>>> print(open('upload_27.tsv').read())   # TSV, C-alpha atoms and all ligand atoms
chain	number	residue	atom	x	y	z
V	1	MET	CA	81.54	104.98	60.31
V	2	SER	CA	85.11	105.25	58.91
V	3	GLU	CA	85.82	105.78	55.24
V	4	ALA	CA	85.81	102.68	53.06
V	5	ILE	CA	89.17	100.92	52.83
V	6	ARG	CA	89.85	100.38	49.14
V	7	PHE	CA	92.81	99.07	47.14
V	8	GLU	CA	91.99	100.02	43.54
V	9	ASP	CA	95.27	100.09	41.55
V	10	LYS	CA	97.13	98.54	44.48
V	11	VAL	CA	98.96	95.22	44.21
V	12	VAL	CA	99.19	92.96	47.23
V	13	ILE	CA	101.41	89.89	47.63
V	14	VAL	CA	100.16	87.39	50.21
V	15	THR	CA	102.59	84.53	50.81
V	16	GLY	CA	101.31	81.12	51.87
V	17	ALA	CA	97.86	82.15	50.64
V	18	GLY	CA	96.80	78.73	49.35
V	19	GLY	CA	95.04	77.90	52.63
V	20	GLY	CA	94.46	78.90	56.24
V	21	LEU	CA	95.01	82.51	57.25
V	22	GLY	CA	96.73	83.56	54.00
V	23	ARG	CA	93.77	82.44	51.91
V	24	ALA	CA	91.41	84.52	54.06
V	25	HIS	CA	93.73	87.56	53.77
V	26	ALA	CA	93.92	87.19	49.97
V	27	LEU	CA	90.15	86.89	49.61
V	28	LEU	CA	89.53	89.98	51.75
V	29	PHE	CA	92.15	92.11	49.96
V	30	ALA	CA	90.57	91.13	46.64
V	31	LYS	CA	87.10	91.95	47.96
V	32	HIS	CA	88.39	95.42	48.80
V	33	GLY	CA	89.60	95.94	45.23
V	34	ALA	CA	93.25	94.87	45.39
V	35	LYS	CA	95.03	92.93	42.66
V	36	VAL	CA	96.42	89.96	44.56
V	37	VAL	CA	99.40	87.68	44.02
V	38	VAL	CA	98.38	84.45	45.72
V	39	ASN	CA	101.66	82.75	46.57
V	40	ASP	CA	101.82	79.20	47.85
V	41	LEU	CA	104.28	76.39	47.44
V	42	GLY	CA	101.59	73.96	48.51
V	43	GLY	CA	103.69	71.78	50.81
V	44	SER	CA	102.82	70.07	54.08
V	45	THR	CA	102.71	71.76	57.48
V	46	HIS	CA	106.19	70.29	58.04
V	47	GLY	CA	107.51	71.96	54.89
V	48	GLU	CA	107.62	68.86	52.70
V	49	GLY	CA	106.40	68.51	49.10
V	50	ALA	CA	104.79	71.02	46.76
V	51	ASN	CA	101.42	71.34	45.03
V	52	ALA	CA	100.33	74.12	42.68
V	53	SER	CA	96.63	73.50	43.24
V	54	ALA	CA	96.53	75.28	46.62
V	55	ALA	CA	97.25	78.74	45.16
V	56	ASP	CA	95.31	77.99	41.96
V	57	LYS	CA	92.12	77.21	43.90
V	58	VAL	CA	92.26	80.49	45.81
V	59	VAL	CA	92.83	82.44	42.59
V	60	ALA	CA	89.79	80.69	41.10
V	61	GLU	CA	87.74	81.67	44.16
V	62	ILE	CA	88.82	85.32	43.88
V	63	ARG	CA	88.04	85.43	40.16
V	64	ALA	CA	84.68	83.75	40.67
V	65	ALA	CA	83.81	86.54	43.09
V	66	GLY	CA	84.76	89.16	40.48
V	67	GLY	CA	88.22	89.93	41.86
V	68	THR	CA	91.67	90.03	40.27
V	69	ALA	CA	94.43	87.62	41.21
V	70	VAL	CA	97.31	85.54	39.88
V	71	ALA	CA	98.84	82.43	41.37
V	72	ASN	CA	102.50	82.05	42.21
V	73	HIS	CA	104.00	78.71	43.22
V	74	ASP	CA	107.53	79.70	44.24
V	75	SER	CA	108.93	79.19	47.70
V	76	VAL	CA	109.22	82.37	49.72
V	77	THR	CA	112.94	81.61	49.88
V	78	ASP	CA	112.92	82.65	46.19
V	79	GLY	CA	111.28	85.94	47.13
V	80	GLU	CA	112.61	87.85	44.13
V	81	LYS	CA	110.65	85.52	41.80
V	82	ILE	CA	107.40	86.29	43.66
V	83	VAL	CA	107.97	90.04	43.43
V	84	GLN	CA	108.92	89.69	39.74
V	85	ASN	CA	105.65	87.82	39.21
V	86	ALA	CA	103.73	90.77	40.72
V	87	LEU	CA	105.59	93.19	38.44
V	88	ASP	CA	105.03	91.02	35.36
V	89	ALA	CA	101.32	90.52	36.07
V	90	PHE	CA	100.35	93.94	37.43
V	91	GLY	CA	103.32	96.28	36.95
V	92	ARG	CA	103.82	97.13	40.63
V	93	VAL	CA	103.78	95.98	44.22
V	94	ASP	CA	102.35	97.99	47.13
V	95	VAL	CA	101.70	95.61	50.00
V	96	VAL	CA	103.57	92.53	51.19
V	97	VAL	CA	101.91	90.16	53.64
V	98	ASN	CA	104.51	87.68	54.89
V	99	ASN	CA	102.32	84.82	56.02
V	100	ALA	CA	103.84	81.56	54.72
V	101	GLY	CA	104.88	79.24	57.51
V	102	ILE	CA	105.65	75.72	58.63
V	103	LEU	CA	106.07	73.90	61.93
V	104	ARG	CA	108.80	71.45	63.00
V	105	ASP	CA	107.92	71.12	66.68
V	106	LYS	CA	110.42	69.30	68.92
V	107	THR	CA	111.75	69.86	72.40
V	108	PHE	CA	115.12	71.60	72.37
V	109	ALA	CA	116.73	68.39	73.67
V	110	LYS	CA	115.56	66.56	70.52
V	111	MET	CA	115.95	69.46	68.08
V	112	GLU	CA	117.86	68.55	64.93
V	113	ASP	CA	119.66	71.03	62.68
V	114	THR	CA	117.17	70.34	59.84
V	115	ASP	CA	114.21	71.33	62.06
V	116	TRP	CA	115.98	74.48	63.19
V	117	ASP	CA	117.16	75.44	59.68
V	118	LEU	CA	113.92	74.74	57.81
V	119	VAL	CA	111.83	76.81	60.23
V	120	TYR	CA	114.36	79.64	60.03
V	121	LYS	CA	114.44	79.40	56.23
V	122	VAL	CA	110.70	79.60	55.60
V	123	HIS	CA	109.76	82.17	58.26
V	124	VAL	CA	112.79	84.44	58.52
V	125	GLU	CA	114.76	84.03	55.31
V	126	GLY	CA	111.53	83.75	53.29
V	127	ALA	CA	110.06	86.94	54.77
V	128	TYR	CA	113.43	88.67	54.27
V	129	LYS	CA	113.71	87.60	50.63
V	130	VAL	CA	110.21	88.66	49.61
V	131	THR	CA	110.34	91.96	51.51
V	132	HIS	CA	113.89	92.75	50.39
V	133	ALA	CA	112.95	92.23	46.74
V	134	ALA	CA	109.87	94.47	47.13
V	135	TRP	CA	111.65	97.16	49.18
V	136	PRO	CA	113.27	99.18	46.32
V	137	HIS	CA	109.88	99.39	44.57
V	138	LEU	CA	108.15	100.55	47.75
V	139	ARG	CA	110.85	103.19	48.30
V	140	GLU	CA	110.75	104.35	44.69
V	141	GLN	CA	106.98	104.92	44.74
V	142	ASN	CA	106.99	106.40	48.26
V	143	PHE	CA	104.34	104.00	49.44
V	144	GLY	CA	104.39	100.58	50.97
V	145	ARG	CA	102.81	98.47	53.66
V	146	VAL	CA	104.48	95.34	55.01
V	147	ILE	CA	102.99	92.88	57.46
V	148	PHE	CA	104.97	90.14	59.18
V	149	THR	CA	103.33	87.18	60.87
V	150	ALA	CA	104.76	86.63	64.33
V	151	SER	CA	103.27	84.39	67.01
V	152	THR	CA	102.45	84.27	70.69
V	153	SER	CA	104.93	81.33	70.73
V	154	GLY	CA	107.65	83.88	69.99
V	155	ILE	CA	106.38	86.56	72.35
V	156	TYR	CA	105.70	84.30	75.33
V	157	GLY	CA	107.45	81.00	74.48
V	158	ASN	CA	105.79	77.63	73.97
V	159	PHE	CA	106.90	74.10	74.83
V	160	GLY	CA	108.43	72.33	71.84
V	161	GLN	CA	108.69	75.48	69.71
V	162	SER	CA	112.20	76.86	70.29
V	163	ASN	CA	112.86	77.00	66.53
V	164	TYR	CA	109.47	78.51	65.71
V	165	GLY	CA	109.53	80.96	68.63
V	166	MET	CA	113.01	82.14	67.63
V	167	ALA	CA	111.85	82.75	64.06
V	168	LYS	CA	108.60	84.45	65.03
V	169	LEU	CA	110.09	86.91	67.49
V	170	GLY	CA	112.93	87.49	65.01
V	171	LEU	CA	110.31	88.80	62.62
V	172	TYR	CA	109.24	91.36	65.20
V	173	GLY	CA	112.88	92.52	65.46
V	174	LEU	CA	112.83	92.92	61.68
V	175	THR	CA	109.53	94.82	61.92
V	176	ARG	CA	110.97	97.34	64.39
V	177	THR	CA	113.97	98.26	62.25
V	178	LEU	CA	112.10	98.28	58.93
V	179	ALA	CA	109.54	100.61	60.53
V	180	ILE	CA	112.38	103.03	61.31
V	181	GLU	CA	114.06	102.69	57.90
V	182	GLY	CA	110.81	102.78	55.92
V	183	ARG	CA	109.12	105.73	57.60
V	184	LYS	CA	110.60	108.48	55.43
V	185	ASN	CA	109.32	106.71	52.31
V	186	ASN	CA	105.84	106.17	53.71
V	187	ILE	CA	106.51	102.46	54.14
V	188	PHE	CA	104.77	101.27	57.29
V	189	VAL	CA	105.65	97.91	58.77
V	190	ASN	CA	103.72	95.97	61.40
V	191	ALA	CA	103.54	92.47	62.84
V	192	ILE	CA	100.62	90.31	63.90
V	193	ALA	CA	100.50	87.36	66.26
V	194	PRO	CA	97.37	85.58	65.02
V	195	THR	CA	95.34	82.67	66.31
V	196	GLY	CA	93.21	80.81	63.81
V	197	GLY	CA	91.68	77.40	63.26
V	198	THR	CA	93.80	76.09	60.38
V	199	ARG	CA	95.57	72.83	59.50
V	200	MET	CA	98.50	74.17	61.55
V	201	THR	CA	96.48	74.33	64.76
V	202	GLU	CA	94.10	71.42	64.14
V	203	GLY	CA	94.35	68.94	67.01
V	204	LEU	CA	96.18	71.48	69.17
V	205	ILE	CA	93.12	73.58	70.03
V	206	PRO	CA	89.95	72.01	71.53
V	207	PRO	CA	87.52	71.37	68.61
V	208	ALA	CA	84.76	73.62	69.97
V	209	VAL	CA	87.17	76.57	70.15
V	210	PHE	CA	88.93	75.63	66.88
V	211	GLU	CA	85.60	75.88	65.03
V	212	GLN	CA	85.11	79.44	66.21
V	213	LEU	CA	88.63	80.67	65.48
V	214	LYS	CA	87.83	81.34	61.87
V	215	PRO	CA	90.75	82.61	59.74
V	216	GLU	CA	88.39	85.33	58.46
V	217	LEU	CA	88.48	86.81	61.97
V	218	VAL	CA	92.19	87.66	61.54
V	219	SER	CA	92.12	89.20	58.05
V	220	PRO	CA	90.32	92.53	58.73
V	221	LEU	CA	93.30	93.65	60.85
V	222	VAL	CA	95.75	92.58	58.12
V	223	VAL	CA	93.80	94.39	55.41
V	224	TYR	CA	93.65	97.54	57.57
V	225	LEU	CA	97.41	97.38	58.25
V	226	GLY	CA	97.93	96.99	54.49
V	227	SER	CA	95.90	100.06	53.61
V	228	ALA	CA	96.84	103.68	53.02
V	229	ALA	CA	94.43	104.53	55.85
V	230	CYS	CA	96.76	102.90	58.36
V	231	GLU	CA	99.38	105.25	59.82
V	232	GLU	CA	100.66	102.79	62.40
V	233	THR	CA	104.20	101.49	62.07
V	234	GLY	CA	106.35	99.17	64.18
V	235	GLY	CA	103.30	97.74	65.97
V	236	LEU	CA	102.66	94.21	67.18
V	237	PHE	CA	99.06	93.02	67.42
V	238	GLU	CA	97.54	89.86	68.81
V	239	VAL	CA	94.42	88.89	66.89
V	240	GLY	CA	91.97	86.01	66.75
V	241	GLY	CA	88.38	84.97	67.34
V	242	GLY	CA	87.14	88.50	66.68
V	243	TRP	CA	89.50	90.17	69.18
V	244	VAL	CA	92.39	92.54	68.41
V	245	GLY	CA	94.91	93.92	70.94
V	246	LYS	CA	98.25	95.70	70.83
V	247	VAL	CA	101.42	94.44	72.53
V	248	ARG	CA	104.30	96.66	73.70
V	249	TRP	CA	107.47	96.37	75.73
V	250	GLU	CA	107.26	97.30	79.36
V	251	ARG	CA	110.32	98.03	81.50
V	252	SER	CA	110.64	98.48	85.23
V	253	ASN	CA	112.18	101.67	86.55
V	254	GLY	CA	115.08	99.50	87.64
V	255	VAL	CA	117.83	100.19	90.13
V	256	GLY	CA	120.76	102.56	89.60
V	257	PHE	CA	124.04	101.57	91.21
V	258	ASN	CA	127.03	103.89	91.53
V	259	PRO	CA	129.07	103.30	88.33
V	260	LEU	CA	132.23	104.71	89.95
V	261	GLN	CA	132.12	102.13	92.71
V	262	GLY	CA	130.77	99.29	90.58
V	263	PHE	CA	128.42	96.74	92.11
V	264	SER	CA	128.55	93.14	93.18
V	265	PRO	CA	126.41	90.07	92.43
V	266	GLU	CA	125.27	90.38	96.07
V	267	ASP	CA	124.08	93.94	95.36
V	268	VAL	CA	122.06	92.52	92.46
V	269	ALA	CA	120.57	89.86	94.75
V	270	ALA	CA	119.68	92.47	97.39
V	271	SER	CA	117.94	94.66	94.74
V	272	TRP	CA	116.23	91.81	92.90
V	273	ALA	CA	112.68	92.72	93.96
V	274	GLN	CA	113.17	96.35	92.95
V	275	ILE	CA	114.76	95.43	89.57
V	276	GLY	CA	111.58	93.48	88.79
V	277	ASN	CA	109.13	95.97	90.30
V	278	PHE	CA	106.81	97.16	87.55
V	279	GLU	CA	105.08	99.84	89.57
V	280	GLY	CA	105.26	103.05	87.50
V	281	ALA	CA	106.96	101.11	84.69
V	282	SER	CA	107.85	102.81	81.40
V	283	HIS	CA	107.33	101.78	77.77
V	284	PRO	CA	110.42	102.78	75.77
V	285	ALA	CA	109.48	103.23	72.14
V	286	ASP	CA	112.99	103.43	70.69
V	287	THR	CA	116.61	102.87	71.63
V	288	SER	CA	117.20	106.48	72.73
V	289	GLN	CA	114.26	106.26	75.13
V	290	ALA	CA	115.60	102.90	76.26
V	291	LEU	CA	119.10	104.27	76.92
V	292	GLY	CA	117.67	107.30	78.77
V	293	ALA	CA	117.44	105.53	82.14
V	294	MET	CA	121.03	104.35	81.87
V	295	LEU	CA	122.29	107.84	81.02
V	296	THR	CA	120.27	109.42	83.84
V	297	ASN	CA	121.93	107.03	86.27
V	298	LEU	CA	125.41	107.80	84.91
V	299	GLN	CA	124.76	111.56	85.10
V	300	LYS	CA	124.02	111.27	88.81
V	301	TYR	CA	127.66	110.36	89.35
V	302	VAL	CA	129.72	111.59	86.37
V	303	LYS	CA	129.72	114.50	83.95
V	304	LEU	CA	129.07	113.23	80.40
V	305	GLY	CA	130.75	115.42	77.77
Y	401	LIG	P1	98.68	76.90	57.05
Y	401	LIG	O1	99.57	75.72	57.10
Y	401	LIG	O2	97.24	76.69	56.79
Y	401	LIG	O3	99.20	77.97	56.00
Y	401	LIG	C1	100.55	78.20	55.75
Y	401	LIG	C2	100.74	78.22	54.24
Y	401	LIG	O4	102.09	78.55	53.94
Y	401	LIG	C3	100.45	76.87	53.60
Y	401	LIG	O5	99.44	77.01	52.61
Y	401	LIG	C4	101.78	76.44	53.03
Y	401	LIG	O6	101.67	75.70	51.83
Y	401	LIG	C5	102.47	77.79	52.82
Y	401	LIG	N1	103.93	77.65	52.78
Y	401	LIG	C6	104.72	76.93	53.61
Y	401	LIG	N2	106.00	77.03	53.24
Y	401	LIG	C7	106.03	77.85	52.15
Y	401	LIG	C8	107.08	78.34	51.32
Y	401	LIG	N3	108.36	78.00	51.53
Y	401	LIG	N4	106.75	79.18	50.30
Y	401	LIG	C9	105.46	79.50	50.06
Y	401	LIG	N5	104.43	79.05	50.81
Y	401	LIG	C10	104.71	78.23	51.85
Y	401	LIG	O7	98.88	77.66	58.45
Y	401	LIG	P2	98.24	79.01	59.02
Y	401	LIG	O8	97.76	78.72	60.37
Y	401	LIG	O9	97.33	79.61	58.05
Y	401	LIG	O10	99.54	79.91	59.19
Y	401	LIG	C11	99.75	81.16	58.53
Y	401	LIG	C12	100.83	81.93	59.27
Y	401	LIG	O11	100.35	82.28	60.57
Y	401	LIG	C13	102.11	81.14	59.51
Y	401	LIG	O12	103.23	82.00	59.39
Y	401	LIG	C14	101.97	80.67	60.93
Y	401	LIG	O13	103.22	80.39	61.52
Y	401	LIG	C15	101.28	81.86	61.55
Y	401	LIG	N6	100.59	81.59	62.79
Y	401	LIG	C16	99.43	80.86	62.79
Y	401	LIG	C17	98.77	80.63	63.97
Y	401	LIG	C18	97.46	79.96	64.02
Y	401	LIG	O14	96.84	79.96	65.10
Y	401	LIG	N7	96.98	79.40	62.92
Y	401	LIG	C19	99.35	81.05	65.25
Y	401	LIG	C20	100.51	81.88	65.15
Y	401	LIG	C21	101.11	82.11	63.94
>>> encode(input="upload_27.tsv", output="structure tokens")
Amino acid sequence: MSEAIRFEDKVVIVTGAGGGLGRAHALLFAKHGAKVVVNDLGGSTHGEGANASAADKVVAEIRAAGGTAVANHDSVTDGEKIVQNALDAFGRVDVVVNNAGILRDKTFAKMEDTDWDLVYKVHVEGAYKVTHAAWPHLREQNFGRVIFTASTSGIYGNFGQSNYGMAKLGLYGLTRTLAIEGRKNNIFVNAIAPTGGTRMTEGLIPPAVFEQLKPELVSPLVVYLGSAACEETGGLFEVGGGWVGKVRWERSNGVGFNPLQGFSPEDVAASWAQIGNFEGASHPADTSQALGAMLTNLQKYVKLG
């Protein structure tokens, strides 16, 4: 049995916590002793309207269970207000869970600028604004945990979700660099690609499966990633229905052409099978590991420095 994961004296912001996955995260953080800022604008899945009662209800639930929480009704695009609310209510911020999200599904052929922009604004700009406002505080106190909510639609693609997929994989790009920049200040940053039965997925998942994909089956991973016990950073995890797995990049060993002679499109065609041959593939963990194969190929033919 591992040591208990506790959050006494720690302040956690969960965005979009008025329902669905965010609500489950907020409840579990509070159960483990965290002071929680329950943020939710309370709009529709399409990002329209606003309603304070979503966040208020979750705060009432947390308090009824003996926990500590405050509601915040700002949009994540006003991230500095949410962080200020945490500071005003509890004097600090330790963990940011970027969870708020909307959908504006359309095929790319029918995509309108509003659908593209709104999805970008809530997922990417919103996560940026909240995290950027919290960042100096996390650095100052030499502790922070940040979780971004990606999606399998970003990792693998999904019909009708070009805007959403772009935003969700963008958040993993953000995760990778913040993990590098945050490490020296003990700020660890990870991303999850969850699956849960919420209003966002209702009607999209067969009802029998939907019923079983309880949001509560995503939150234990999020609470672990938000804890001091977690030493992981830069990770991407798929989670849902009681299952948790880790995703990483895989790269084939590739084909090295002679850089002095150059190579032709026909050479590419002739080597196509080998370029995509994943036997003995590698898993570069950073850009220097990634560039290694390229440099090794160059060094076969030229002296570098
Ligand atoms: P949900 O619709 O139940 O929850 C999203 C919450 O975000 C809502 O309560 C909404 O009011 C809030 N929100 C939307 N725009 C906001 C804004 N500008 N500022 C503050 N709050 C805002 O959906 P669900 O499923 O709980 O989604 C949570 C996150 O998980 C989202 O980022 C979603 O994209 C992601 N996700 C969910 C999956 C699933 O299977 N449910 C799959 C992959 C990703």
>>> atom_distance(input="upload_27.tsv", atom1="atom CA of V:Leu138", atom2="atom CA of V:Asp117")
29.2 Å
>>> residues_around(input="upload_27.tsv", residues="V:Ala50", least_positions_apart="3", cutoff="10 Å", atoms="all atoms listed in the file", output="ChimeraX atom specification")
/V:40-44,47,53-54,73-75
>>> write_last_selection(input="upload_27.tsv", atoms="C-alpha atoms", output="JSON list (two decimals), keeping the file's coordinate frame")
[["chain", "number", "residue", "atom", "x", "y", "z"],
["V", 40, "ASP", "CA", 101.82, 79.20, 47.85],
["V", 41, "LEU", "CA", 104.28, 76.39, 47.44],
["V", 42, "GLY", "CA", 101.59, 73.96, 48.51],
["V", 43, "GLY", "CA", 103.69, 71.78, 50.81],
["V", 44, "SER", "CA", 102.82, 70.07, 54.08],
["V", 47, "GLY", "CA", 107.51, 71.96, 54.89],
["V", 53, "SER", "CA", 96.63, 73.50, 43.24],
["V", 54, "ALA", "CA", 96.53, 75.28, 46.62],
["V", 73, "HIS", "CA", 104.00, 78.71, 43.22],
["V", 74, "ASP", "CA", 107.53, 79.70, 44.24],
["V", 75, "SER", "CA", 108.93, 79.19, 47.70]]
>>> residues_around(input="upload_27.tsv", residues="V:Met294", least_positions_apart="6", cutoff="10 Å", atoms="only C-alpha atoms", output="JSON, numbers by chain")
{"V": [254, 255, 256]}
>>> residues_near_point(input="upload_27.tsv", point="(93.8, 95.2, 45.7)", cutoff="6 Å", atoms="only C-alpha atoms", output="PyMOL selection string")
chain V and resi 7-8+10-11+29-30+33-36
>>> closest_residue(input="upload_27.tsv", among="V:Lys246, V:Lys129, V:Lys31, V:His25", to="V:Arg6", atoms="all atoms listed in the file")
V:Lys31
>>> closest_residue(input="upload_27.tsv", among="V:Leu178, V:Leu236, V:Ala127, V:Ala134", to="ligand LIG 401 (chain Y)", atoms="only C-alpha atoms and all ligand atoms")
V:Ala127
>>> residues_near_point(input="upload_27.tsv", point="(112.5, 81.9, 47.0)", cutoff="10 Å", atoms="only C-alpha atoms", output="list in words")
Leu41, His73, Asp74, Ser75, Val76, Thr77, Asp78, Gly79, Glu80, Lys81, Ile82, Val83, Lys121, Val122, Glu125, Gly126, Ala127, Tyr128, Lys129 and Val130 of chain V
>>> residues_near_ligand(input="upload_27.tsv", ligand="ligand LIG 401 (chain Y)", cutoff="6 Å", atoms="only C-alpha atoms and all ligand atoms", output="ChimeraX atom specification")
/V:15-22,40-43,45,47,75-76,99-102,122,149-151,193-201
>>> residues_around(input="upload_27.tsv", residues="stretch 301-305 of chain V", least_positions_apart="4", cutoff="8 Å", atoms="only C-alpha atoms", output="mmCIF file with C-alpha atoms, in the frame of the given file")
data_model
loop_
_atom_site.group_PDB
_atom_site.id
_atom_site.type_symbol
_atom_site.label_atom_id
_atom_site.label_comp_id
_atom_site.auth_asym_id
_atom_site.auth_seq_id
_atom_site.Cartn_x
_atom_site.Cartn_y
_atom_site.Cartn_z
ATOM 1 C CA ASN V 258 127.030 103.890 91.530
ATOM 2 C CA PRO V 259 129.070 103.300 88.330
ATOM 3 C CA LEU V 260 132.230 104.710 89.950
ATOM 4 C CA ASN V 297 121.930 107.030 86.270
#
>>> closest_residue(input="upload_27.tsv", among="V:Ile147, V:Ala191, V:Cys230, V:Ile62", to="V:Ser2", atoms="all atoms listed in the file")
V:Cys230
>>> atom_distance(input="upload_27.tsv", atom1="atom CA of V:Gly242", atom2="atom CA of V:Asp9")
28.8 Å
>>> residues_around(input="upload_27.tsv", residues="V:Asn185", least_positions_apart="3", cutoff="8 Å", atoms="all atoms listed in the file", output="number ranges by chain")
V: 138-139, 142-144, 182
>>> write_last_selection(input="upload_27.tsv", atoms="C-alpha atoms", output="compact mmCIF listing (two decimals), in the frame of the given file")
# COMPACT_ATOMS: atom_id res chain seq x y z
CA LEU V 138 108.15 100.55 47.75
CA ARG V 139 110.85 103.19 48.30
CA ASN V 142 106.99 106.40 48.26
CA PHE V 143 104.34 104.00 49.44
CA GLY V 144 104.39 100.58 50.97
CA GLY V 182 110.81 102.78 55.92
>>> closest_residue(input="upload_27.tsv", among="V:Ala285, V:Val58, V:Val247, V:Val12", to="V:Gly91", atoms="only C-alpha atoms")
V:Val12
>>> residues_around(input="upload_27.tsv", residues="V:Ile5", least_positions_apart="4", cutoff="8 Å", atoms="all atoms listed in the file", output="number ranges by chain")
V: 32, 224, 227, 229
>>> write_last_selection(input="upload_27.tsv", atoms="C-alpha atoms", output="compact mmCIF listing (two decimals), in the frame of the given file")
# COMPACT_ATOMS: atom_id res chain seq x y z
CA HIS V 32 88.39 95.42 48.80
CA TYR V 224 93.65 97.54 57.57
CA SER V 227 95.90 100.06 53.61
CA ALA V 229 94.43 104.53 55.85
>>> atom_distance(input="upload_27.tsv", atom1="atom CA of V:Ala65", atom2="atom CA of V:Val189")
29.2 Å
>>> closest_residue(input="upload_27.tsv", among="V:Gln84, V:Gln274, V:Thr107, V:Thr68", to="V:Asn158", atoms="all atoms listed in the file")
V:Thr107
>>> closest_residue(input="upload_27.tsv", among="V:Ile275, V:Ala269, V:Leu217, V:Leu204", to="V:Leu28", atoms="only C-alpha atoms")
V:Leu217
>>> axis_aligned_box(input="upload_27.tsv", around="stretch 287-302 of chain V", padding_each_side="8 Å", output="AutoDock Vina command-line options")
--center_x 122.0 --center_y 107.2 --center_z 80.5 --size_x 31.5 --size_y 24.7 --size_z 33.7
>>> build_atoms(input="upload_27.tsv", residues="stretch 167-185 of chain V", atoms="N, CA and C atoms", output="tab-separated table (two decimals), in the coordinates of the input")
chain	number	residue	atom	x	y	z
V	167	ALA	N	112.14	82.15	65.37
V	167	ALA	CA	111.85	82.75	64.06
V	167	ALA	C	110.78	83.83	64.19
V	168	LYS	N	109.75	83.54	64.96
V	168	LYS	CA	108.60	84.45	65.03
V	168	LYS	C	108.94	85.75	65.75
V	169	LEU	N	109.73	85.65	66.84
V	169	LEU	CA	110.09	86.91	67.49
V	169	LEU	C	111.16	87.64	66.68
V	170	GLY	N	111.97	86.87	65.92
V	170	GLY	CA	112.93	87.49	65.01
V	170	GLY	C	112.22	88.40	64.02
V	171	LEU	N	111.06	87.98	63.58
V	171	LEU	CA	110.31	88.80	62.62
V	171	LEU	C	109.83	90.11	63.25
V	172	TYR	N	109.61	90.10	64.56
V	172	TYR	CA	109.24	91.36	65.20
V	172	TYR	C	110.46	92.29	65.28
V	173	GLY	N	111.65	91.71	65.50
V	173	GLY	CA	112.88	92.52	65.46
V	173	GLY	C	113.03	93.17	64.09
V	174	LEU	N	112.76	92.40	63.05
V	174	LEU	CA	112.83	92.92	61.68
V	174	LEU	C	111.80	94.04	61.49
V	175	THR	N	110.60	93.81	62.01
V	175	THR	CA	109.53	94.82	61.92
V	175	THR	C	109.99	96.15	62.51
V	176	ARG	N	110.59	96.10	63.69
V	176	ARG	CA	110.97	97.34	64.39
V	176	ARG	C	111.96	98.16	63.57
V	177	THR	N	112.96	97.50	63.00
V	177	THR	CA	113.97	98.26	62.25
V	177	THR	C	113.44	98.70	60.89
V	178	LEU	N	112.66	97.86	60.22
V	178	LEU	CA	112.10	98.28	58.93
V	178	LEU	C	111.12	99.44	59.11
V	179	ALA	N	110.44	99.48	60.25
V	179	ALA	CA	109.54	100.61	60.53
V	179	ALA	C	110.34	101.90	60.59
V	180	ILE	N	111.52	101.84	61.20
V	180	ILE	CA	112.38	103.03	61.31
V	180	ILE	C	112.93	103.40	59.92
V	181	GLU	N	113.44	102.40	59.20
V	181	GLU	CA	114.06	102.69	57.90
V	181	GLU	C	113.04	103.06	56.83
V	182	GLY	N	111.81	102.56	56.97
V	182	GLY	CA	110.81	102.78	55.92
V	182	GLY	C	110.02	104.08	56.07
V	183	ARG	N	110.03	104.62	57.28
V	183	ARG	CA	109.12	105.73	57.60
V	183	ARG	C	109.22	106.90	56.62
V	184	LYS	N	110.46	107.28	56.27
V	184	LYS	CA	110.60	108.48	55.43
V	184	LYS	C	110.07	108.27	54.00
V	185	ASN	N	109.91	107.01	53.62
V	185	ASN	CA	109.32	106.71	52.31
V	185	ASN	C	107.88	106.23	52.41
